[in-house]
$ cat model-v1.tsv   # TSV, C-alpha atoms
chain	number	residue	atom	x	y	z
B	232	MET	CA	-85.64	-19.66	91.38
B	233	ILE	CA	-86.07	-20.43	87.69
B	234	ALA	CA	-89.55	-20.64	86.19
B	235	LEU	CA	-90.53	-21.68	82.67
B	236	TYR	CA	-93.33	-20.13	80.63
B	237	PRO	CA	-93.67	-22.44	77.61
B	238	GLY	CA	-95.63	-21.90	74.44
B	239	THR	CA	-95.69	-21.96	70.68
B	240	PHE	CA	-96.23	-18.18	70.50
B	241	ASP	CA	-97.63	-18.25	66.98
B	242	PRO	CA	-97.69	-15.29	67.45
B	243	ILE	CA	-97.03	-13.85	70.89
B	244	THR	CA	-100.04	-11.76	71.97
B	245	ASN	CA	-100.66	-9.10	74.58
B	246	GLY	CA	-102.25	-11.87	76.65
B	247	HIS	CA	-98.96	-13.78	76.66
B	248	PHE	CA	-97.13	-10.54	77.43
B	249	GLU	CA	-99.36	-9.89	80.45
B	250	ILE	CA	-98.66	-13.33	81.94
B	251	ILE	CA	-94.93	-13.01	81.21
B	252	ARG	CA	-94.72	-9.53	82.74
B	253	ARG	CA	-96.49	-10.65	85.89
B	254	ALA	CA	-94.48	-13.88	86.21
B	255	SER	CA	-91.25	-11.91	85.81
B	256	THR	CA	-92.07	-10.03	89.01
B	257	ILE	CA	-92.53	-13.28	90.94
B	258	PHE	CA	-89.54	-15.34	89.81
B	259	GLN	CA	-85.84	-14.46	89.76
B	260	ILE	CA	-85.40	-15.88	86.28
B	261	LEU	CA	-88.21	-16.54	83.83
B	262	VAL	CA	-87.34	-18.63	80.80
B	263	VAL	CA	-89.81	-18.17	77.97
B	264	GLY	CA	-89.58	-21.43	76.06
B	265	VAL	CA	-90.58	-21.19	72.42
B	266	ALA	CA	-91.63	-24.66	71.31
B	267	VAL	CA	-90.94	-25.92	67.80
B	268	SER	CA	-94.44	-27.52	67.67
B	269	GLU	CA	-94.43	-28.55	64.01
B	270	GLU	CA	-97.50	-30.72	64.66
B	271	LYS	CA	-99.50	-27.49	65.20
B	272	GLN	CA	-98.47	-26.30	61.72
B	273	PRO	CA	-97.55	-22.79	62.88
B	274	LEU	CA	-97.94	-19.80	60.59
B	275	PHE	CA	-94.49	-18.50	61.47
B	276	GLU	CA	-91.27	-20.47	61.24
B	277	HIS	CA	-89.63	-21.24	64.60
B	278	GLU	CA	-86.82	-18.71	64.05
B	279	LYS	CA	-89.35	-15.96	63.27
B	280	ARG	CA	-91.35	-16.76	66.42
B	281	LEU	CA	-88.15	-16.66	68.48
B	282	ALA	CA	-87.23	-13.30	66.95
B	283	MET	CA	-90.67	-11.81	67.66
B	284	VAL	CA	-90.69	-13.04	71.28
B	285	ASN	CA	-87.18	-11.65	71.80
B	286	ASP	CA	-88.22	-8.30	70.35
B	287	VAL	CA	-91.36	-8.07	72.50
B	288	LEU	CA	-89.48	-9.01	75.69
B	289	ASN	CA	-86.14	-7.25	75.18
B	290	ALA	CA	-86.74	-4.72	77.99
B	291	PHE	CA	-86.81	-7.39	80.72
B	292	SER	CA	-83.51	-8.14	82.43
B	293	ASN	CA	-84.62	-11.36	84.14
B	294	ILE	CA	-86.21	-13.03	81.11
B	295	GLU	CA	-84.42	-15.47	78.83
B	296	VAL	CA	-86.00	-16.62	75.57
B	297	GLN	CA	-84.95	-20.15	74.59
B	298	PRO	CA	-86.02	-22.55	71.87
B	299	TYR	CA	-87.00	-26.11	72.65
B	300	ASP	CA	-88.38	-29.25	71.08
B	301	GLY	CA	-89.97	-32.25	72.72
B	302	LEU	CA	-91.74	-32.49	76.04
B	303	THR	CA	-92.06	-29.30	78.05
B	304	ILE	CA	-91.32	-31.18	81.28
B	305	ASP	CA	-88.02	-32.44	79.81
B	306	PHE	CA	-87.06	-28.88	78.86
B	307	ALA	CA	-88.00	-27.70	82.36
B	308	LYS	CA	-85.64	-30.32	83.83
B	309	LYS	CA	-82.88	-29.35	81.40
B	310	ILE	CA	-82.94	-25.69	82.48
B	311	ASP	CA	-83.42	-26.54	86.18
B	312	ALA	CA	-86.82	-24.85	86.35
B	313	ARG	CA	-88.67	-25.50	89.59
B	314	VAL	CA	-91.95	-24.04	88.27
B	315	ILE	CA	-93.91	-24.10	85.03
B	316	VAL	CA	-96.09	-21.03	84.59
B	317	ARG	CA	-99.35	-21.40	82.69
B	318	GLY	CA	-101.93	-18.79	81.84
B	319	LEU	CA	-105.67	-19.31	82.24
B	320	ARG	CA	-107.96	-17.19	80.10
B	321	SER	CA	-111.27	-18.75	81.07
B	322	PRO	CA	-112.73	-21.74	82.90
B	323	ALA	CA	-112.72	-23.56	79.57
B	324	ASP	CA	-108.90	-23.55	79.65
B	325	GLY	CA	-108.94	-25.10	83.10
B	326	GLN	CA	-109.72	-28.70	82.20
B	327	TYR	CA	-106.90	-29.01	79.68
B	328	GLU	CA	-104.42	-27.11	81.84
B	329	PHE	CA	-105.18	-29.19	84.94
B	330	GLU	CA	-104.75	-32.41	82.94
B	331	LEU	CA	-101.40	-31.14	81.66
B	332	ALA	CA	-100.28	-30.11	85.16
B	333	SER	CA	-101.29	-33.49	86.56
B	334	MET	CA	-99.33	-35.37	83.92
B	335	ASN	CA	-96.29	-33.13	84.40
B	336	LYS	CA	-96.46	-33.79	88.14
B	337	LYS	CA	-96.42	-37.52	87.46
B	338	LEU	CA	-93.40	-37.13	85.18
B	339	ALA	CA	-91.49	-34.77	87.50
B	340	ASP	CA	-92.78	-34.59	91.05
B	341	ASP	CA	-90.31	-31.85	91.98
B	342	ILE	CA	-91.59	-29.33	89.39
B	343	GLU	CA	-94.69	-27.34	90.28
B	344	THR	CA	-97.21	-25.75	87.92
B	345	VAL	CA	-98.47	-22.27	88.76
B	346	PHE	CA	-101.50	-20.76	87.05
B	347	LEU	CA	-101.91	-17.04	86.44
B	348	SER	CA	-105.31	-15.85	85.29
B	349	SER	CA	-105.55	-13.34	82.47
B	350	GLY	CA	-106.86	-9.88	83.13
B	351	ASP	CA	-110.26	-9.02	81.69
B	352	GLN	CA	-108.81	-7.18	78.71
B	353	ASN	CA	-106.88	-10.28	77.58
B	354	ALA	CA	-109.21	-13.09	78.61
B	355	PHE	CA	-110.46	-13.59	75.05
B	356	LEU	CA	-107.09	-13.41	73.27
B	357	SER	CA	-105.59	-16.43	71.61
B	358	SER	CA	-102.97	-16.72	68.90
B	359	SER	CA	-105.38	-18.62	66.66
B	360	LEU	CA	-108.03	-15.90	66.98
B	361	ILE	CA	-105.44	-13.21	66.24
B	362	ARG	CA	-104.29	-15.12	63.14
B	363	GLN	CA	-107.88	-15.53	61.97
B	364	ILE	CA	-108.67	-11.83	62.34
B	365	ALA	CA	-105.43	-10.81	60.62
B	366	GLN	CA	-106.02	-13.29	57.79
B	367	GLU	CA	-109.39	-11.67	57.10
B	368	GLY	CA	-107.83	-8.21	57.06
B	369	GLY	CA	-109.00	-7.17	60.53
B	370	ASP	CA	-107.07	-4.79	62.74
B	371	VAL	CA	-105.20	-6.66	65.48
B	372	SER	CA	-102.99	-3.75	66.54
B	373	ASP	CA	-104.66	-3.51	69.97
B	374	PHE	CA	-103.90	-7.17	70.70
B	375	VAL	CA	-100.24	-7.57	69.71
B	376	HIS	CA	-96.91	-5.74	69.84
B	377	PRO	CA	-96.16	-3.58	66.74
B	378	THR	CA	-93.48	-6.07	65.62
B	379	VAL	CA	-96.05	-8.85	65.62
B	380	HIS	CA	-98.64	-6.65	63.91
B	381	GLN	CA	-96.16	-5.97	61.10
B	382	ALA	CA	-95.26	-9.67	60.76
B	383	LEU	CA	-98.95	-10.62	60.53
B	384	ALA	CA	-99.57	-7.92	57.91
B	385	GLU	CA	-96.68	-9.28	55.84
B	386	ALA	CA	-97.82	-12.89	56.26
B	387	TYR	CA	-101.36	-12.11	55.11
B	388	LYS	CA	-100.72	-9.61	52.31
B	389	LYS	CA	-103.57	-9.92	49.85
$ encode --input "model-v1.tsv" --output "structure tokens"
Amino acid sequence: MIALYPGTFDPITNGHFEIIRRASTIFQILVVGVAVSEEKQPLFEHEKRLAMVNDVLNAFSNIEVQPYDGLTIDFAKKIDARVIVRGLRSPADGQYEFELASMNKKLADDIETVFLSSGDQNAFLSSSLIRQIAQEGGDVSDFVHPTVHQALAEAYKK
């Protein structure tokens, strides 16, 4: 069975990695979809985000990293995913994620959404928080892969 874990991954964090690692043990094939998401004005260009995600996940044999643009549900249909995996960090994420899952169900009744909750050590991590800390010169090395840490350091050289 193919599952999709979609995101902007600007940048990929250890929280994302945790969800991906766990989902990869549940599903035969996990496609990590890296969304273009220009409306979010990402720090990193799409190609750079793809490269970082590929580098972080290169040890997994059942994970494919693919770019996509447009609606996540349309991409899920295109790759024949039966499941969309979403991570939940806190109850605050729940409202938005349940609304998204409900709309996706209306658009494609045959695709399920599965939620995986973050472990305690990653419950507070978000890409935007990581970017903010890095921008202010803070040490984010405990929260991201070394490749991502280096990319953030280069992006925020002062």
$ residues_near_point --input "model-v1.tsv" --point "(-96.7, -7.5, 76.5)" --cutoff "10 Å" --atoms "only C-alpha atoms" --output "list in words"
Ile243, Thr244, Asn245, Gly246, His247, Phe248, Glu249, Ile250, Ile251, Arg252, Arg253, Val284, Val287, Leu288, Phe374, Val375 and His376 of chain B
$ closest_residue --input "model-v1.tsv" --among "B:Ala323, B:Ile304, B:Val371, B:Ile364" --to "Ala339 in chain B" --atoms "all atoms listed in the file"
B:Ile304
$ residues_around --input "model-v1.tsv" --residues "Asp305 in chain B" --least-positions-apart "5" --cutoff "10 Å" --atoms "only C-alpha atoms" --output "list in words"
Tyr299, Asp300, Ile310, Asp311, Asn335, Leu338 and Ala339 of chain B
$ closest_residue --input "model-v1.tsv" --among "B:Ser358, B:Thr303, B:Thr344, B:Ser292" --to "Thr256 in chain B" --atoms "only C-alpha atoms"
B:Ser292
$ residues_around --input "model-v1.tsv" --residues "Gly301 in chain B" --least-positions-apart "5" --cutoff "9 Å" --atoms "all atoms listed in the file" --output "PDB file with C-alpha atoms, keeping the file's coordinate frame"
ATOM      1  CA  ALA B 266     -91.630 -24.660  71.310  1.00  0.00           C
ATOM      2  CA  VAL B 267     -90.940 -25.920  67.800  1.00  0.00           C
ATOM      3  CA  SER B 268     -94.440 -27.520  67.670  1.00  0.00           C
ATOM      4  CA  PHE B 306     -87.060 -28.880  78.860  1.00  0.00           C
TER       5      PHE B 306
END
$ closest_residue --input "model-v1.tsv" --among "B:Val262, B:Ala386, B:Ala354, B:Val345" --to "Gln366 in chain B" --atoms "all atoms listed in the file"
B:Ala386
$ residues_near_point --input "model-v1.tsv" --point "(-87.4, -14.4, 84.3)" --cutoff "10 Å" --atoms "all atoms listed in the file" --output "PyMOL selection string"
chain B and resi 232-236+251-263+291-296
$ atom_distance --input "model-v1.tsv" --atom1 "CA of Leu319 in chain B" --atom2 "CA of Ser348 in chain B"
4.6 Å
$ closest_residue --input "model-v1.tsv" --among "B:Gln352, B:Val316, B:Lys279, B:Asp340" --to "Glu328 in chain B" --atoms "only C-alpha atoms"
B:Val316
$ atom_distance --input "model-v1.tsv" --atom1 "CA of Ala382 in chain B" --atom2 "CA of Leu360 in chain B"
15.5 Å
$ atom_distance --input "model-v1.tsv" --atom1 "CA of Glu269 in chain B" --atom2 "CA of His380 in chain B"
22.3 Å
$ closest_residue --input "model-v1.tsv" --among "B:Ala312, B:Phe355, B:Lys388, B:Ile342" --to "Asp324 in chain B" --atoms "all atoms listed in the file"
B:Phe355
$ residues_around --input "model-v1.tsv" --residues "Leu274 in chain B" --least-positions-apart "4" --cutoff "10 Å" --atoms "only C-alpha atoms" --output "list in words"
Asp241, Pro242, Lys279, Arg280, Ser359, Arg362, Leu383 and Ala386 of chain B
$ closest_residue --input "model-v1.tsv" --among "B:Gly369, B:Val265, B:Lys336, B:Tyr327" --to "Met283 in chain B" --atoms "only C-alpha atoms"
B:Val265
$ decode --input "model-v1.tsv" --residues "range 258-287 of chain B" --atoms "N, CA and C atoms" --output "PDB file, in the first residue's frame"
ATOM      1  N   PHE B 258       3.731   1.376   6.264  1.00  0.00           N
ATOM      2  CA  PHE B 258       3.309   1.292   4.871  1.00  0.00           C
ATOM      3  C   PHE B 258       4.424   0.719   4.000  1.00  0.00           C
ATOM      4  N   GLN B 259       4.021  -0.027   2.973  1.00  0.00           N
ATOM      5  CA  GLN B 259       5.007  -0.632   2.058  1.00  0.00           C
ATOM      6  C   GLN B 259       5.839   0.431   1.355  1.00  0.00           C
ATOM      7  N   ILE B 260       5.145   1.438   0.838  1.00  0.00           N
ATOM      8  CA  ILE B 260       5.814   2.556   0.171  1.00  0.00           C
ATOM      9  C   ILE B 260       5.287   3.848   0.778  1.00  0.00           C
ATOM     10  N   LEU B 261       6.215   4.704   1.182  1.00  0.00           N
ATOM     11  CA  LEU B 261       5.852   6.025   1.683  1.00  0.00           C
ATOM     12  C   LEU B 261       6.439   7.057   0.725  1.00  0.00           C
ATOM     13  N   VAL B 262       5.556   7.815   0.114  1.00  0.00           N
ATOM     14  CA  VAL B 262       5.989   8.914  -0.743  1.00  0.00           C
ATOM     15  C   VAL B 262       5.979  10.178   0.109  1.00  0.00           C
ATOM     16  N   VAL B 263       7.127  10.820   0.198  1.00  0.00           N
ATOM     17  CA  VAL B 263       7.224  12.108   0.872  1.00  0.00           C
ATOM     18  C   VAL B 263       7.092  13.160  -0.214  1.00  0.00           C
ATOM     19  N   GLY B 264       5.955  13.827  -0.217  1.00  0.00           N
ATOM     20  CA  GLY B 264       5.662  14.829  -1.242  1.00  0.00           C
ATOM     21  C   GLY B 264       6.108  16.197  -0.777  1.00  0.00           C
ATOM     22  N   VAL B 265       7.014  16.793  -1.521  1.00  0.00           N
ATOM     23  CA  VAL B 265       7.527  18.122  -1.183  1.00  0.00           C
ATOM     24  C   VAL B 265       6.782  19.138  -2.041  1.00  0.00           C
ATOM     25  N   ALA B 266       5.900  19.885  -1.392  1.00  0.00           N
ATOM     26  CA  ALA B 266       5.037  20.836  -2.089  1.00  0.00           C
ATOM     27  C   ALA B 266       5.799  22.089  -2.499  1.00  0.00           C
ATOM     28  N   VAL B 267       5.454  22.623  -3.651  1.00  0.00           N
ATOM     29  CA  VAL B 267       6.054  23.870  -4.119  1.00  0.00           C
ATOM     30  C   VAL B 267       5.701  24.998  -3.140  1.00  0.00           C
ATOM     31  N   SER B 268       4.432  25.200  -2.865  1.00  0.00           N
ATOM     32  CA  SER B 268       3.931  26.133  -1.840  1.00  0.00           C
ATOM     33  C   SER B 268       4.519  27.536  -1.908  1.00  0.00           C
ATOM     34  N   GLU B 269       4.517  28.126  -3.083  1.00  0.00           N
ATOM     35  CA  GLU B 269       5.043  29.491  -3.224  1.00  0.00           C
ATOM     36  C   GLU B 269       4.251  30.503  -2.383  1.00  0.00           C
ATOM     37  N   GLU B 270       2.963  30.232  -2.151  1.00  0.00           N
ATOM     38  CA  GLU B 270       2.149  31.158  -1.363  1.00  0.00           C
ATOM     39  C   GLU B 270       2.644  31.275   0.082  1.00  0.00           C
ATOM     40  N   LYS B 271       3.380  30.278   0.553  1.00  0.00           N
ATOM     41  CA  LYS B 271       3.957  30.330   1.909  1.00  0.00           C
ATOM     42  C   LYS B 271       5.272  31.100   1.945  1.00  0.00           C
ATOM     43  N   GLN B 272       5.756  31.527   0.801  1.00  0.00           N
ATOM     44  CA  GLN B 272       7.031  32.233   0.674  1.00  0.00           C
ATOM     45  C   GLN B 272       8.148  31.511   1.433  1.00  0.00           C
ATOM     46  N   PRO B 273       8.481  30.301   1.001  1.00  0.00           N
ATOM     47  CA  PRO B 273       9.483  29.522   1.723  1.00  0.00           C
ATOM     48  C   PRO B 273      10.869  30.170   1.686  1.00  0.00           C
ATOM     49  N   LEU B 274      11.633  29.905   2.729  1.00  0.00           N
ATOM     50  CA  LEU B 274      13.013  30.374   2.800  1.00  0.00           C
ATOM     51  C   LEU B 274      13.850  29.723   1.711  1.00  0.00           C
ATOM     52  N   PHE B 275      13.687  28.398   1.569  1.00  0.00           N
ATOM     53  CA  PHE B 275      14.489  27.645   0.621  1.00  0.00           C
ATOM     54  C   PHE B 275      13.712  27.413  -0.671  1.00  0.00           C
ATOM     55  N   GLU B 276      14.438  27.512  -1.785  1.00  0.00           N
ATOM     56  CA  GLU B 276      13.847  27.192  -3.084  1.00  0.00           C
ATOM     57  C   GLU B 276      13.394  25.733  -3.074  1.00  0.00           C
ATOM     58  N   HIS B 277      12.437  25.413  -3.938  1.00  0.00           N
ATOM     59  CA  HIS B 277      11.876  24.065  -3.988  1.00  0.00           C
ATOM     60  C   HIS B 277      12.958  23.015  -4.227  1.00  0.00           C
ATOM     61  N   GLU B 278      13.867  23.257  -5.139  1.00  0.00           N
ATOM     62  CA  GLU B 278      14.935  22.293  -5.433  1.00  0.00           C
ATOM     63  C   GLU B 278      15.823  22.053  -4.215  1.00  0.00           C
ATOM     64  N   LYS B 279      16.096  23.090  -3.443  1.00  0.00           N
ATOM     65  CA  LYS B 279      16.920  22.950  -2.242  1.00  0.00           C
ATOM     66  C   LYS B 279      16.179  22.131  -1.191  1.00  0.00           C
ATOM     67  N   ARG B 280      14.873  22.362  -1.038  1.00  0.00           N
ATOM     68  CA  ARG B 280      14.086  21.584  -0.081  1.00  0.00           C
ATOM     69  C   ARG B 280      14.047  20.117  -0.486  1.00  0.00           C
ATOM     70  N   LEU B 281      13.874  19.857  -1.771  1.00  0.00           N
ATOM     71  CA  LEU B 281      13.902  18.476  -2.275  1.00  0.00           C
ATOM     72  C   LEU B 281      15.249  17.816  -1.966  1.00  0.00           C
ATOM     73  N   ALA B 282      16.330  18.542  -2.209  1.00  0.00           N
ATOM     74  CA  ALA B 282      17.666  17.994  -1.970  1.00  0.00           C
ATOM     75  C   ALA B 282      17.875  17.685  -0.489  1.00  0.00           C
ATOM     76  N   MET B 283      17.439  18.578   0.388  1.00  0.00           N
ATOM     77  CA  MET B 283      17.598  18.343   1.829  1.00  0.00           C
ATOM     78  C   MET B 283      16.786  17.135   2.277  1.00  0.00           C
ATOM     79  N   VAL B 284      15.535  17.034   1.827  1.00  0.00           N
ATOM     80  CA  VAL B 284      14.686  15.905   2.210  1.00  0.00           C
ATOM     81  C   VAL B 284      15.308  14.607   1.704  1.00  0.00           C
ATOM     82  N   ASN B 285      15.783  14.603   0.470  1.00  0.00           N
ATOM     83  CA  ASN B 285      16.444  13.408  -0.066  1.00  0.00           C
ATOM     84  C   ASN B 285      17.659  13.032   0.763  1.00  0.00           C
ATOM     85  N   ASP B 286      18.449  14.002   1.161  1.00  0.00           N
ATOM     86  CA  ASP B 286      19.649  13.725   1.945  1.00  0.00           C
ATOM     87  C   ASP B 286      19.292  13.147   3.315  1.00  0.00           C
ATOM     88  N   VAL B 287      18.292  13.722   3.959  1.00  0.00           N
ATOM     89  CA  VAL B 287      17.880  13.266   5.290  1.00  0.00           C
ATOM     90  C   VAL B 287      17.312  11.840   5.230  1.00  0.00           C
TER      91      VAL B 287
END
